[in-house]
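Next comes data36.pdb, a file with PDB, C-alpha atoms.
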```pdb
ATOM      1  CA  MET A  29      16.360  56.565   6.910
ATOM      2  CA  GLU A  30      16.109  57.979   3.440
ATOM      3  CA  GLY A  31      16.622  61.483   4.743
ATOM      4  CA  HIS A  32      20.259  60.963   5.759
ATOM      5  CA  GLY A  33      22.711  63.145   3.924
ATOM      6  CA  SER A  34      25.436  61.573   1.838
ATOM      7  CA  SER A  35      29.143  62.041   2.301
ATOM      8  CA  GLY A  36      31.536  63.645  -0.116
ATOM      9  CA  GLY A  37      28.924  65.953  -1.599
ATOM     10  CA  SER A  38      27.245  63.162  -3.547
ATOM     11  CA  LYS A  39      23.622  63.771  -4.450
ATOM     12  CA  ASP A  40      22.737  60.079  -4.593
ATOM     13  CA  PRO A  41      20.088  58.967  -2.081
ATOM     14  CA  PHE A  42      21.324  57.387   1.140
ATOM     15  CA  HIS A  43      19.943  53.942   0.297
ATOM     16  CA  VAL A  44      21.746  53.953  -3.066
ATOM     17  CA  ILE A  45      25.102  54.856  -1.538
ATOM     18  CA  HIS A  46      24.865  52.203   1.180
ATOM     19  CA  LYS A  47      23.113  49.599  -0.998
ATOM     20  CA  VAL A  48      20.170  49.212   1.360
ATOM     21  CA  PRO A  49      16.489  49.148   0.354
ATOM     22  CA  SER A  50      14.505  52.330   0.793
ATOM     23  CA  GLY A  51      11.640  52.695   3.250
ATOM     24  CA  ASP A  52      11.106  52.143   6.962
ATOM     25  CA  SER A  53       9.797  48.571   7.230
ATOM     26  CA  PRO A  54      11.324  45.936   9.567
ATOM     27  CA  TYR A  55      13.259  44.375   6.684
ATOM     28  CA  VAL A  56      14.676  47.758   5.661
ATOM     29  CA  ARG A  57      15.694  48.442   9.260
ATOM     30  CA  ALA A  58      17.338  45.018   9.415
ATOM     31  CA  LYS A  59      19.398  45.712   6.291
ATOM     32  CA  HIS A  60      20.327  49.130   7.681
ATOM     33  CA  ALA A  61      21.572  47.508  10.902
ATOM     34  CA  GLN A  62      23.456  44.891   8.890
ATOM     35  CA  LEU A  63      25.074  47.028   6.202
ATOM     36  CA  VAL A  64      25.283  50.523   7.671
ATOM     37  CA  GLN A  65      25.472  50.117  11.440
ATOM     38  CA  LYS A  66      27.386  46.813  11.159
ATOM     39  CA  ASP A  67      25.391  45.496  14.116
ATOM     40  CA  PRO A  68      24.549  41.825  13.438
ATOM     41  CA  GLU A  69      22.580  41.262  16.651
ATOM     42  CA  ALA A  70      20.354  44.269  15.962
ATOM     43  CA  ALA A  71      19.937  43.093  12.376
ATOM     44  CA  ILE A  72      18.827  39.645  13.567
ATOM     45  CA  ILE A  73      16.181  41.220  15.821
ATOM     46  CA  TRP A  74      14.784  43.231  12.921
ATOM     47  CA  PHE A  75      14.892  40.230  10.580
ATOM     48  CA  TRP A  76      12.821  38.341  13.167
ATOM     49  CA  LYS A  77      10.297  41.170  13.174
ATOM     50  CA  ALA A  78      10.190  41.165   9.370
ATOM     51  CA  ILE A  79       9.438  37.435   9.315
ATOM     52  CA  ASN A  80       6.726  37.769  11.949
ATOM     53  CA  VAL A  81       4.897  40.533  10.069
ATOM     54  CA  GLY A  82       5.386  38.962   6.639
ATOM     55  CA  ASP A  83       7.786  41.614   5.342
ATOM     56  CA  ARG A  84       9.932  40.143   2.524
ATOM     57  CA  VAL A  85      10.040  36.809   4.323
ATOM     58  CA  ASP A  86      12.092  35.057   1.616
ATOM     59  CA  SER A  87      14.972  37.506   1.948
ATOM     60  CA  ALA A  88      14.557  38.070   5.682
ATOM     61  CA  LEU A  89      14.874  34.384   6.558
ATOM     62  CA  LYS A  90      17.888  33.823   4.332
ATOM     63  CA  ASP A  91      19.652  37.000   5.470
ATOM     64  CA  MET A  92      18.965  36.265   9.132
ATOM     65  CA  ALA A  93      20.409  32.753   8.843
ATOM     66  CA  VAL A  94      23.549  34.161   7.225
ATOM     67  CA  MET A  95      23.894  36.725  10.007
ATOM     68  CA  MET A  96      23.421  34.024  12.654
ATOM     69  CA  LYS A  97      26.224  32.027  11.083
ATOM     70  CA  GLN A  98      28.495  35.063  11.318
ATOM     71  CA  VAL A  99      27.891  35.376  15.076
ATOM     72  CA  ASP A 100      28.328  31.636  15.772
ATOM     73  CA  ARG A 101      24.637  30.845  16.047
ATOM     74  CA  SER A 102      24.657  28.291  13.233
ATOM     75  CA  GLU A 103      22.754  25.599  15.130
ATOM     76  CA  GLU A 104      19.980  28.084  15.807
ATOM     77  CA  ALA A 105      20.021  29.207  12.179
ATOM     78  CA  ILE A 106      19.447  25.625  11.023
ATOM     79  CA  GLU A 107      16.385  25.281  13.226
ATOM     80  CA  VAL A 108      15.067  28.673  12.141
ATOM     81  CA  ILE A 109      15.237  27.737   8.450
ATOM     82  CA  LYS A 110      13.556  24.398   9.090
ATOM     83  CA  SER A 111      10.798  26.048  11.122
ATOM     84  CA  PHE A 112      10.022  29.008   8.878
ATOM     85  CA  ARG A 113      10.857  27.957   5.324
ATOM     86  CA  GLY A 114       7.230  26.941   4.920
ATOM     87  CA  ARG A 115       6.368  30.646   4.879
ATOM     88  CA  CYS A 116       8.698  31.243   1.951
ATOM     89  CA  SER A 117       7.970  31.017  -1.754
ATOM     90  CA  ARG A 118       8.815  27.994  -3.866
ATOM     91  CA  GLN A 119      11.408  30.058  -5.726
ATOM     92  CA  SER A 120      13.345  30.722  -2.519
ATOM     93  CA  GLN A 121      13.697  27.084  -1.435
ATOM     94  CA  GLU A 122      16.824  26.394  -3.463
ATOM     95  CA  SER A 123      18.710  29.357  -1.998
ATOM     96  CA  LEU A 124      17.621  28.293   1.495
ATOM     97  CA  ASP A 125      19.014  24.823   0.783
ATOM     98  CA  ASN A 126      22.333  26.398  -0.189
ATOM     99  CA  VAL A 127      22.431  28.288   3.109
ATOM    100  CA  LEU A 128      21.589  25.063   4.955
ATOM    101  CA  ILE A 129      24.478  23.247   3.274
ATOM    102  CA  ASP A 130      26.884  25.921   4.518
ATOM    103  CA  LEU A 131      25.380  25.745   8.005
ATOM    104  CA  TYR A 132      25.639  21.947   8.116
ATOM    105  CA  LYS A 133      29.280  22.237   7.071
ATOM    106  CA  LYS A 134      29.917  24.858   9.759
ATOM    107  CA  CYS A 135      28.333  22.637  12.443
ATOM    108  CA  GLY A 136      30.004  19.432  11.292
ATOM    109  CA  LYS A 137      26.654  17.833  10.428
ATOM    110  CA  VAL A 138      28.087  15.713   7.623
ATOM    111  CA  GLU A 139      25.226  13.214   7.330
ATOM    112  CA  GLU A 140      22.679  16.012   6.941
ATOM    113  CA  GLN A 141      24.926  17.716   4.411
ATOM    114  CA  ILE A 142      25.232  14.518   2.361
ATOM    115  CA  GLU A 143      21.485  13.911   2.321
ATOM    116  CA  LEU A 144      20.728  17.481   1.261
ATOM    117  CA  LEU A 145      23.358  17.428  -1.492
ATOM    118  CA  LYS A 146      21.963  14.155  -2.826
ATOM    119  CA  ARG A 147      18.451  15.593  -2.754
ATOM    120  CA  LYS A 148      19.558  18.658  -4.710
ATOM    121  CA  LEU A 149      21.260  16.437  -7.287
ATOM    122  CA  ARG A 150      18.070  14.406  -7.615
ATOM    123  CA  GLN A 151      16.143  17.628  -8.192
ATOM    124  CA  ILE A 152      18.504  18.508 -11.031
ATOM    125  CA  TYR A 153      18.243  15.209 -12.861
ATOM    126  CA  GLN A 154      14.477  15.183 -12.313
ATOM    127  CA  GLY A 155      14.274  18.624 -13.922
ATOM    128  CA  GLU A 156      12.952  20.417 -10.840
ATOM    129  CA  ILE A 157      15.655  23.092 -10.553
ATOM    130  CA  PHE A 158      16.493  24.154 -14.100
ATOM    131  CA  ASN A 159      13.024  23.350 -15.494
ATOM    132  CA  GLY A 160      14.457  22.139 -18.789
ATOM    133  CA  ARG A 161      16.594  25.245 -19.321
ATOM    134  CA  PRO A 162      20.382  25.015 -19.835
ATOM    135  CA  THR A 163      21.084  27.776 -17.296
ATOM    136  CA  LYS A 164      19.543  29.480 -14.298
ATOM    137  CA  THR A 165      20.114  32.801 -12.575
ATOM    138  CA  ALA A 166      22.071  32.657  -9.333
ATOM    139  CA  ARG A 167      23.028  35.376  -6.890
ATOM    140  CA  SER A 168      26.161  35.818  -4.821
ATOM    141  CA  HIS A 169      27.135  38.861  -2.758
ATOM    142  CA  GLY A 170      24.284  40.824  -4.286
ATOM    143  CA  LYS A 171      25.304  40.101  -7.877
ATOM    144  CA  LYS A 172      23.361  38.005 -10.374
ATOM    145  CA  PHE A 173      25.033  35.592 -12.777
ATOM    146  CA  GLN A 174      24.164  32.613 -14.953
ATOM    147  CA  VAL A 175      24.949  29.049 -13.874
ATOM    148  CA  SER A 176      24.751  26.116 -16.274
ATOM    149  CA  VAL A 177      23.431  22.649 -15.466
ATOM    150  CA  LYS A 178      26.956  21.303 -15.852
ATOM    151  CA  GLN A 179      28.457  23.847 -13.479
ATOM    152  CA  GLU A 180      25.844  23.350 -10.774
ATOM    153  CA  THR A 181      25.919  19.557 -11.018
ATOM    154  CA  SER A 182      29.704  19.460 -10.853
ATOM    155  CA  ARG A 183      29.740  21.901  -7.932
ATOM    156  CA  LEU A 184      27.267  19.821  -5.932
ATOM    157  CA  LEU A 185      29.139  16.601  -6.720
ATOM    158  CA  GLY A 186      32.360  18.246  -5.574
ATOM    159  CA  ASN A 187      30.726  19.234  -2.289
ATOM    160  CA  LEU A 188      29.338  15.718  -1.930
ATOM    161  CA  GLY A 189      32.775  14.239  -2.519
ATOM    162  CA  TRP A 190      34.285  16.437   0.178
ATOM    163  CA  ALA A 191      31.515  15.462   2.601
ATOM    164  CA  TYR A 192      32.253  11.774   1.979
ATOM    165  CA  MET A 193      35.917  12.524   2.641
ATOM    166  CA  GLN A 194      34.969  13.832   6.080
ATOM    167  CA  LYS A 195      33.280  10.462   6.703
ATOM    168  CA  PHE A 196      36.457   8.651   5.542
ATOM    169  CA  ASN A 197      34.334   7.064   2.806
ATOM    170  CA  TYR A 198      37.000   7.363   0.145
ATOM    171  CA  MET A 199      35.388   4.974  -2.326
ATOM    172  CA  ALA A 200      32.215   7.056  -2.534
ATOM    173  CA  ALA A 201      34.247  10.274  -2.593
ATOM    174  CA  GLU A 202      36.358   8.989  -5.475
ATOM    175  CA  ALA A 203      33.281   7.992  -7.465
ATOM    176  CA  VAL A 204      31.549  11.360  -7.193
ATOM    177  CA  TYR A 205      34.759  13.360  -7.736
ATOM    178  CA  LYS A 206      35.398  11.466 -10.958
ATOM    179  CA  LYS A 207      31.815  12.091 -11.972
ATOM    180  CA  ALA A 208      32.204  15.811 -11.285
ATOM    181  CA  GLN A 209      35.414  15.984 -13.310
ATOM    182  CA  MET A 210      33.797  14.282 -16.286
ATOM    183  CA  ILE A 211      30.981  16.831 -16.301
ATOM    184  CA  ASP A 212      32.853  20.090 -15.603
ATOM    185  CA  PRO A 213      36.510  19.598 -14.610
ATOM    186  CA  ASP A 214      38.535  22.029 -12.536
ATOM    187  CA  ALA A 215      41.868  22.007 -10.739
ATOM    188  CA  ASN A 216      40.465  22.227  -7.217
ATOM    189  CA  LYS A 217      38.347  19.082  -7.580
ATOM    190  CA  ALA A 218      41.286  17.378  -9.293
ATOM    191  CA  CYS A 219      43.382  18.021  -6.182
ATOM    192  CA  ASN A 220      40.596  16.663  -3.987
ATOM    193  CA  LEU A 221      40.394  13.534  -6.135
ATOM    194  CA  ALA A 222      44.156  13.116  -5.838
ATOM    195  CA  LEU A 223      43.908  13.460  -2.056
ATOM    196  CA  CYS A 224      41.187  10.819  -2.055
ATOM    197  CA  LEU A 225      43.472   8.441  -3.960
ATOM    198  CA  ILE A 226      46.364   9.213  -1.615
ATOM    199  CA  ARG A 227      44.175   8.217   1.318
ATOM    200  CA  GLN A 228      43.711   4.865  -0.431
ATOM    201  CA  ALA A 229      47.485   4.499  -1.014
ATOM    202  CA  ARG A 230      46.967   4.693  -4.786
ATOM    203  CA  PHE A 231      49.934   6.962  -5.272
ATOM    204  CA  THR A 232      50.613   6.407  -8.963
ATOM    205  CA  GLU A 233      47.068   7.436  -9.905
ATOM    206  CA  ALA A 234      47.234  10.441  -7.599
ATOM    207  CA  GLN A 235      50.568  11.549  -9.052
ATOM    208  CA  ARG A 236      49.188  11.318 -12.579
ATOM    209  CA  ILE A 237      46.335  13.691 -11.683
ATOM    210  CA  LEU A 238      48.624  16.124  -9.866
ATOM    211  CA  ASP A 239      51.090  16.169 -12.764
ATOM    212  CA  GLU A 240      48.222  17.041 -15.080
ATOM    213  CA  VAL A 241      47.262  19.984 -12.857
ATOM    214  CA  LEU A 242      50.848  21.244 -12.668
ATOM    215  CA  GLN A 243      51.241  20.913 -16.433
ATOM    216  CA  GLY A 244      48.157  23.063 -17.000
ATOM    217  CA  GLY A 245      46.029  20.235 -18.339
ATOM    218  CA  VAL A 246      43.000  20.936 -16.121
ATOM    219  CA  PRO A 247      40.816  24.075 -16.248
ATOM    220  CA  GLY A 248      41.848  26.430 -13.464
ATOM    221  CA  SER A 249      45.393  25.038 -13.282
ATOM    222  CA  ASP A 250      46.798  28.537 -13.691
ATOM    223  CA  ASP A 251      45.158  29.625 -10.430
ATOM    224  CA  PRO A 252      47.937  29.931  -7.804
ATOM    225  CA  LYS A 253      45.902  28.322  -5.003
ATOM    226  CA  PRO A 254      45.187  24.883  -6.580
ATOM    227  CA  LYS A 255      48.624  24.921  -8.189
ATOM    228  CA  LYS A 256      50.294  25.362  -4.810
ATOM    229  CA  ARG A 257      48.064  22.681  -3.324
ATOM    230  CA  ALA A 258      48.978  20.273  -6.132
ATOM    231  CA  GLU A 259      52.669  20.892  -5.444
ATOM    232  CA  GLU A 260      52.179  20.166  -1.738
ATOM    233  CA  LEU A 261      50.199  16.998  -2.443
ATOM    234  CA  LEU A 262      52.843  15.814  -4.894
ATOM    235  CA  ILE A 263      55.515  16.175  -2.207
ATOM    236  CA  ASP A 264      53.282  14.134   0.099
ATOM    237  CA  VAL A 265      52.822  11.451  -2.567
ATOM    238  CA  ARG A 266      56.560  11.091  -3.133
ATOM    239  CA  SER A 267      57.308  10.859   0.578
ATOM    240  CA  ARG A 268      54.656   8.171   0.996
ATOM    241  CA  GLN A 269      55.937   6.246  -2.015
ATOM    242  CA  GLU A 270      59.381   6.140  -0.455
ATOM    243  CA  ALA A 271      57.898   4.817   2.776
ATOM    244  CA  SER A 272      56.079   2.073   0.799
ATOM    245  CA  PRO A 273      53.098   1.661   3.155
ATOM    246  CA  PRO A 274      50.862  -1.393   2.903
ATOM    247  CA  PRO A 275      47.658  -0.963   0.880
ATOM    248  CA  PRO A 276      44.644   0.114   2.962
ATOM    249  CA  GLU A 277      41.809  -2.193   3.854
ATOM    250  CA  LEU A 278      38.739  -1.528   1.718
ATOM    251  CA  SER A 279      36.470  -1.314   4.715
ATOM    252  CA  TYR A 280      34.319   1.642   3.677
ATOM    253  CA  LEU A 281      30.984   1.313   1.927
ATOM    254  CA  LEU A 282      29.894   3.473  -0.953
ATOM    255  CA  SER A 283      26.698   4.605   0.769
ATOM    256  CA  LEU A 284      25.132   5.598  -2.552
ATOM    257  CA  ASP A 285      21.627   4.254  -3.010
ATOM    258  CA  GLU A 286      20.819   2.610  -6.329
ATOM    259  CA  ASP A 287      18.150   5.099  -7.434
ATOM    260  CA  PHE A 288      20.558   7.958  -6.813
ATOM    261  CA  VAL A 289      23.269   6.267  -8.877
ATOM    262  CA  LYS A 290      20.863   5.561 -11.747
ATOM    263  CA  GLY A 291      19.681   9.156 -11.739
ATOM    264  CA  LEU A 292      23.234  10.419 -11.979
ATOM    265  CA  GLU A 293      23.926   7.984 -14.799
ATOM    266  CA  ARG A 294      20.985   9.438 -16.740
ATOM    267  CA  LEU A 295      22.209  12.952 -16.055
ATOM    268  CA  MET A 296      25.699  11.966 -17.155
ATOM    269  CA  GLY A 297      24.301  10.740 -20.446
ATOM    270  CA  GLU A 298      22.888  14.211 -21.044
ATOM    271  CA  LEU A 299      25.822  16.304 -19.833
ATOM    272  CA  ALA A 300      29.044  14.438 -20.500
ATOM    273  CA  PRO A 301      30.977  14.574 -23.789
ATOM    274  CA  PRO A 302      30.409  11.569 -26.116
ATOM    275  CA  ARG A 303      33.734   9.967 -25.198
ATOM    276  CA  SER A 304      32.884  10.082 -21.493
ATOM    277  CA  ARG A 305      29.481   8.505 -22.070
ATOM    278  CA  ARG A 306      31.124   5.297 -23.214
ATOM    279  CA  LEU A 307      32.977   5.092 -19.907
ATOM    280  CA  PRO A 308      30.478   6.225 -17.248
ATOM    281  CA  VAL A 309      32.301   6.662 -13.981
ATOM    282  CA  PHE A 310      29.540   4.952 -12.074
ATOM    283  CA  GLU A 311      30.163   1.645 -13.824
ATOM    284  CA  GLU A 312      32.824   1.113 -11.156
ATOM    285  CA  ILE A 313      30.102   1.397  -8.532
ATOM    286  CA  SER A 314      28.331  -1.627  -9.983
ATOM    287  CA  SER A 315      31.226  -3.811  -8.848
ATOM    288  CA  PHE A 316      30.357  -2.794  -5.285
ATOM    289  CA  LYS A 317      26.606  -3.202  -5.785
ATOM    290  CA  ASP A 318      26.243  -5.659  -2.925
ATOM    291  CA  GLN A 319      27.783  -3.099  -0.587
ATOM    292  CA  LEU A 320      25.384  -0.274  -1.434
ATOM    293  CA  THR A 321      23.621   1.109   1.605
ATOM    294  CA  TYR A 322      19.923   1.816   1.138
TER     295      TYR A 322
END
```
Please rewrite the model in this file as structure tokens.
Amino acid sequence: MEGHGSSGGSKDPFHVIHKVPSGDSPYVRAKHAQLVQKDPEAAIIWFWKAINVGDRVDSALKDMAVMMKQVDRSEEAIEVIKSFRGRCSRQSQESLDNVLIDLYKKCGKVEEQIELLKRKLRQIYQGEIFNGRPTKTARSHGKKFQVSVKQETSRLLGNLGWAYMQKFNYMAAEAVYKKAQMIDPDANKACNLALCLIRQARFTEAQRILDEVLQGGVPGSDDPKPKKRAEELLIDVRSRQEASPPPPELSYLLSLDEDFVKGLERLMGELAPPRSRRLPVFEEISSFKDQLTY
């Protein structure tokens, strides 16, 4: 495959132009099918062969799962990762977890998504992911970048909050969204927190958050997408306030086990600004301690 000529008179090698690895191994053929031929089914076949012969198994398994998701084979991709991740290196496990989270979301497997997100958060506050360093290298769309402990923790908490929303567990969602905002606030999670409060008929609190987004008081407020969403949610809040609905029944449990909460409290003590430490968001969980599900 390296011998292909390049278009436009360029003298760069074929694999450089098309951003595929050089060589003729099963993994290389899989990437060629994926990126050059644009044939996902052929790519999946070659990724399978790469895994079976031990050719770049870490990358082959992850790439194959992503391709399976693209062709609506997400359920199969989940089983493949579970079955073959034992062949992968320790360093690849975190990226495989991230793929699994996306697959669980795609398949509507909310319980599995919640458990995996909580496990990843535990790994952070136990020092297993960042290994005591303030940042780690992440990769997205072939590009490397640095992610801080704060950013990753807040991102995972935001995903956890959204998963709880899908379970209609608004109390747990509110708790983790507030936690995420105290660590690394952004406008998108602020809108999600406001939506969570709207679902609980706590319109005044929701409006306060949305006003803050629209006034540019939250990082990312200048982004058109969350700004538009905040405007739409504010319209919804005002219409509901006029209707004056009765307050909802607090029938949902937090579903946050005590060890998990304590671990997040410790992490909060390390990450949050001094002012936030005096008001840990999870102190509100203690009032529901008898409702915690183990």
Closest of A:Val265, A:Val99, A:Cys135, A:Phe112 to Thr232 (chain A) - atom-to-atom distances counting all atoms listed in the file: A:Val265
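Separating CA of Thr163 (chain A) from CA of Ser117 (chain A) is a distance of 20.6 Å.
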Straight-line distance linking CA of Val177 (chain A) with CA of Ser123 (chain A), stated in Å to one decimal: 15.8 Å
Contacts of Phe75 (chain A) at 7 Å (all atoms listed in the file; same-chain gap of 4+ positions) as number ranges by chain: A: 54-55, 58, 71, 79, 88, 92
Residue IDs satisfying the PyMOL selection byres ((chain A and resi 261) around 12), as a compact mmCIF listing (two decimals) with C-alpha atoms, keeping the file's coordinate frame:
```
# COMPACT_ATOMS: atom_id res chain seq x y z
CA ALA A 218 41.29 17.38 -9.29
CA CYS A 219 43.38 18.02 -6.18
CA ASN A 220 40.60 16.66 -3.99
CA LEU A 221 40.39 13.53 -6.14
CA ALA A 222 44.16 13.12 -5.84
CA LEU A 223 43.91 13.46 -2.06
CA CYS A 224 41.19 10.82 -2.06
CA LEU A 225 43.47 8.44 -3.96
CA ILE A 226 46.36 9.21 -1.62
CA ARG A 227 44.18 8.22 1.32
CA PHE A 231 49.93 6.96 -5.27
CA ALA A 234 47.23 10.44 -7.60
CA GLN A 235 50.57 11.55 -9.05
CA ARG A 236 49.19 11.32 -12.58
CA ILE A 237 46.34 13.69 -11.68
CA LEU A 238 48.62 16.12 -9.87
CA ASP A 239 51.09 16.17 -12.76
CA VAL A 241 47.26 19.98 -12.86
CA LEU A 242 50.85 21.24 -12.67
CA PRO A 254 45.19 24.88 -6.58
CA LYS A 255 48.62 24.92 -8.19
CA LYS A 256 50.29 25.36 -4.81
CA ARG A 257 48.06 22.68 -3.32
CA ALA A 258 48.98 20.27 -6.13
CA GLU A 259 52.67 20.89 -5.44
CA GLU A 260 52.18 20.17 -1.74
CA LEU A 262 52.84 15.81 -4.89
CA ILE A 263 55.52 16.18 -2.21
CA ASP A 264 53.28 14.13 0.10
CA VAL A 265 52.82 11.45 -2.57
CA ARG A 266 56.56 11.09 -3.13
CA SER A 267 57.31 10.86 0.58
CA ARG A 268 54.66 8.17 1.00
```
Selection result of the PyMOL selection byres ((chain A and resi 140) around 12) on this file, as a list of chain:residue names: A:Ile106, A:Asp125, A:Leu128, A:Ile129, A:Asp130, A:Leu131, A:Tyr132, A:Lys133, A:Lys134, A:Cys135, A:Gly136, A:Lys137, A:Val138, A:Glu139, A:Gln141, A:Ile142, A:Glu143, A:Leu144, A:Leu145, A:Lys146, A:Arg147, A:Leu188, A:Ala191, A:Tyr192, A:Lys195
Output of the PyMOL selection byres ((chain A and resi 162) around 12), listed as a list in words: Ile152, Gly155, Ile157, Phe158, Asn159, Gly160, Arg161, Thr163, Lys164, Thr165, Gln174, Val175, Ser176, Val177, Lys178, Gln179, Glu180, Thr181, Glu298 and Leu299 of chain A
Residues as selected, C-alpha atoms, written as a PDB file, keeping the file's coordinate frame, can you do that?
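Below is the file that was written, again38.pdb:
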```pdb
ATOM      1  CA  ILE A 152      18.504  18.508 -11.031  1.00  0.00           C
ATOM      2  CA  GLY A 155      14.274  18.624 -13.922  1.00  0.00           C
ATOM      3  CA  ILE A 157      15.655  23.092 -10.553  1.00  0.00           C
ATOM      4  CA  PHE A 158      16.493  24.154 -14.100  1.00  0.00           C
ATOM      5  CA  ASN A 159      13.024  23.350 -15.494  1.00  0.00           C
ATOM      6  CA  GLY A 160      14.457  22.139 -18.789  1.00  0.00           C
ATOM      7  CA  ARG A 161      16.594  25.245 -19.321  1.00  0.00           C
ATOM      8  CA  THR A 163      21.084  27.776 -17.296  1.00  0.00           C
ATOM      9  CA  LYS A 164      19.543  29.480 -14.298  1.00  0.00           C
ATOM     10  CA  THR A 165      20.114  32.801 -12.575  1.00  0.00           C
ATOM     11  CA  GLN A 174      24.164  32.613 -14.953  1.00  0.00           C
ATOM     12  CA  VAL A 175      24.949  29.049 -13.874  1.00  0.00           C
ATOM     13  CA  SER A 176      24.751  26.116 -16.274  1.00  0.00           C
ATOM     14  CA  VAL A 177      23.431  22.649 -15.466  1.00  0.00           C
ATOM     15  CA  LYS A 178      26.956  21.303 -15.852  1.00  0.00           C
ATOM     16  CA  GLN A 179      28.457  23.847 -13.479  1.00  0.00           C
ATOM     17  CA  GLU A 180      25.844  23.350 -10.774  1.00  0.00           C
ATOM     18  CA  THR A 181      25.919  19.557 -11.018  1.00  0.00           C
ATOM     19  CA  GLU A 298      22.888  14.211 -21.044  1.00  0.00           C
ATOM     20  CA  LEU A 299      25.822  16.304 -19.833  1.00  0.00           C
TER      21      LEU A 299
END
```
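Taking CA of Gly82 (chain A) and CA of His60 (chain A) as endpoints, the distance between them is 18.1 Å.
Proximity of A:Lys66, A:Gln243, A:Trp190, A:Val127 to Ser102 (chain A), computed with all atoms listed in the file, is greatest for A:Val127.
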Close residues, Gln209 (chain A) itself excluded, 12 Å, all atoms listed in the file, min 2 positions apart in chain, as an mmCIF file with C-alpha atoms, in the frame of the given file:
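Once everything was written out, this is around_28.cif:
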```
data_model
loop_
_atom_site.group_PDB
_atom_site.id
_atom_site.type_symbol
_atom_site.label_atom_id
_atom_site.label_comp_id
_atom_site.auth_asym_id
_atom_site.auth_seq_id
_atom_site.Cartn_x
_atom_site.Cartn_y
_atom_site.Cartn_z
ATOM 1 C CA LYS A 178 26.956 21.303 -15.852
ATOM 2 C CA GLN A 179 28.457 23.847 -13.479
ATOM 3 C CA THR A 181 25.919 19.557 -11.018
ATOM 4 C CA SER A 182 29.704 19.460 -10.853
ATOM 5 C CA ARG A 183 29.740 21.901 -7.932
ATOM 6 C CA LEU A 184 27.267 19.821 -5.932
ATOM 7 C CA LEU A 185 29.139 16.601 -6.720
ATOM 8 C CA GLY A 186 32.360 18.246 -5.574
ATOM 9 C CA GLY A 189 32.775 14.239 -2.519
ATOM 10 C CA GLU A 202 36.358 8.989 -5.475
ATOM 11 C CA ALA A 203 33.281 7.992 -7.465
ATOM 12 C CA VAL A 204 31.549 11.360 -7.193
ATOM 13 C CA TYR A 205 34.759 13.360 -7.736
ATOM 14 C CA LYS A 206 35.398 11.466 -10.958
ATOM 15 C CA LYS A 207 31.815 12.091 -11.972
ATOM 16 C CA ILE A 211 30.981 16.831 -16.301
ATOM 17 C CA ASP A 212 32.853 20.090 -15.603
ATOM 18 C CA PRO A 213 36.510 19.598 -14.610
ATOM 19 C CA ASP A 214 38.535 22.029 -12.536
ATOM 20 C CA ALA A 215 41.868 22.007 -10.739
ATOM 21 C CA ASN A 216 40.465 22.227 -7.217
ATOM 22 C CA LYS A 217 38.347 19.082 -7.580
ATOM 23 C CA ALA A 218 41.286 17.378 -9.293
ATOM 24 C CA CYS A 219 43.382 18.021 -6.182
ATOM 25 C CA ASN A 220 40.596 16.663 -3.987
ATOM 26 C CA LEU A 221 40.394 13.534 -6.135
ATOM 27 C CA ALA A 222 44.156 13.116 -5.838
ATOM 28 C CA ILE A 237 46.335 13.691 -11.683
ATOM 29 C CA VAL A 246 43.000 20.936 -16.121
ATOM 30 C CA PRO A 247 40.816 24.075 -16.248
ATOM 31 C CA MET A 296 25.699 11.966 -17.155
ATOM 32 C CA LEU A 299 25.822 16.304 -19.833
ATOM 33 C CA ALA A 300 29.044 14.438 -20.500
ATOM 34 C CA PRO A 301 30.977 14.574 -23.789
ATOM 35 C CA SER A 304 32.884 10.082 -21.493
ATOM 36 C CA PRO A 308 30.478 6.225 -17.248
ATOM 37 C CA VAL A 309 32.301 6.662 -13.981
#
```
Build an axis-aligned box that encloses every atom of region 127-142 of chain A listed in the file, pad it by 3 Å on each side, and report its centre and edge lengths in Å to one decimal, as lines of an AutoDock Vina configuration file.
```
center_x = 25.8
center_y = 20.8
center_z = 7.4
size_x = 14.4
size_y = 21.1
size_z = 16.1
```
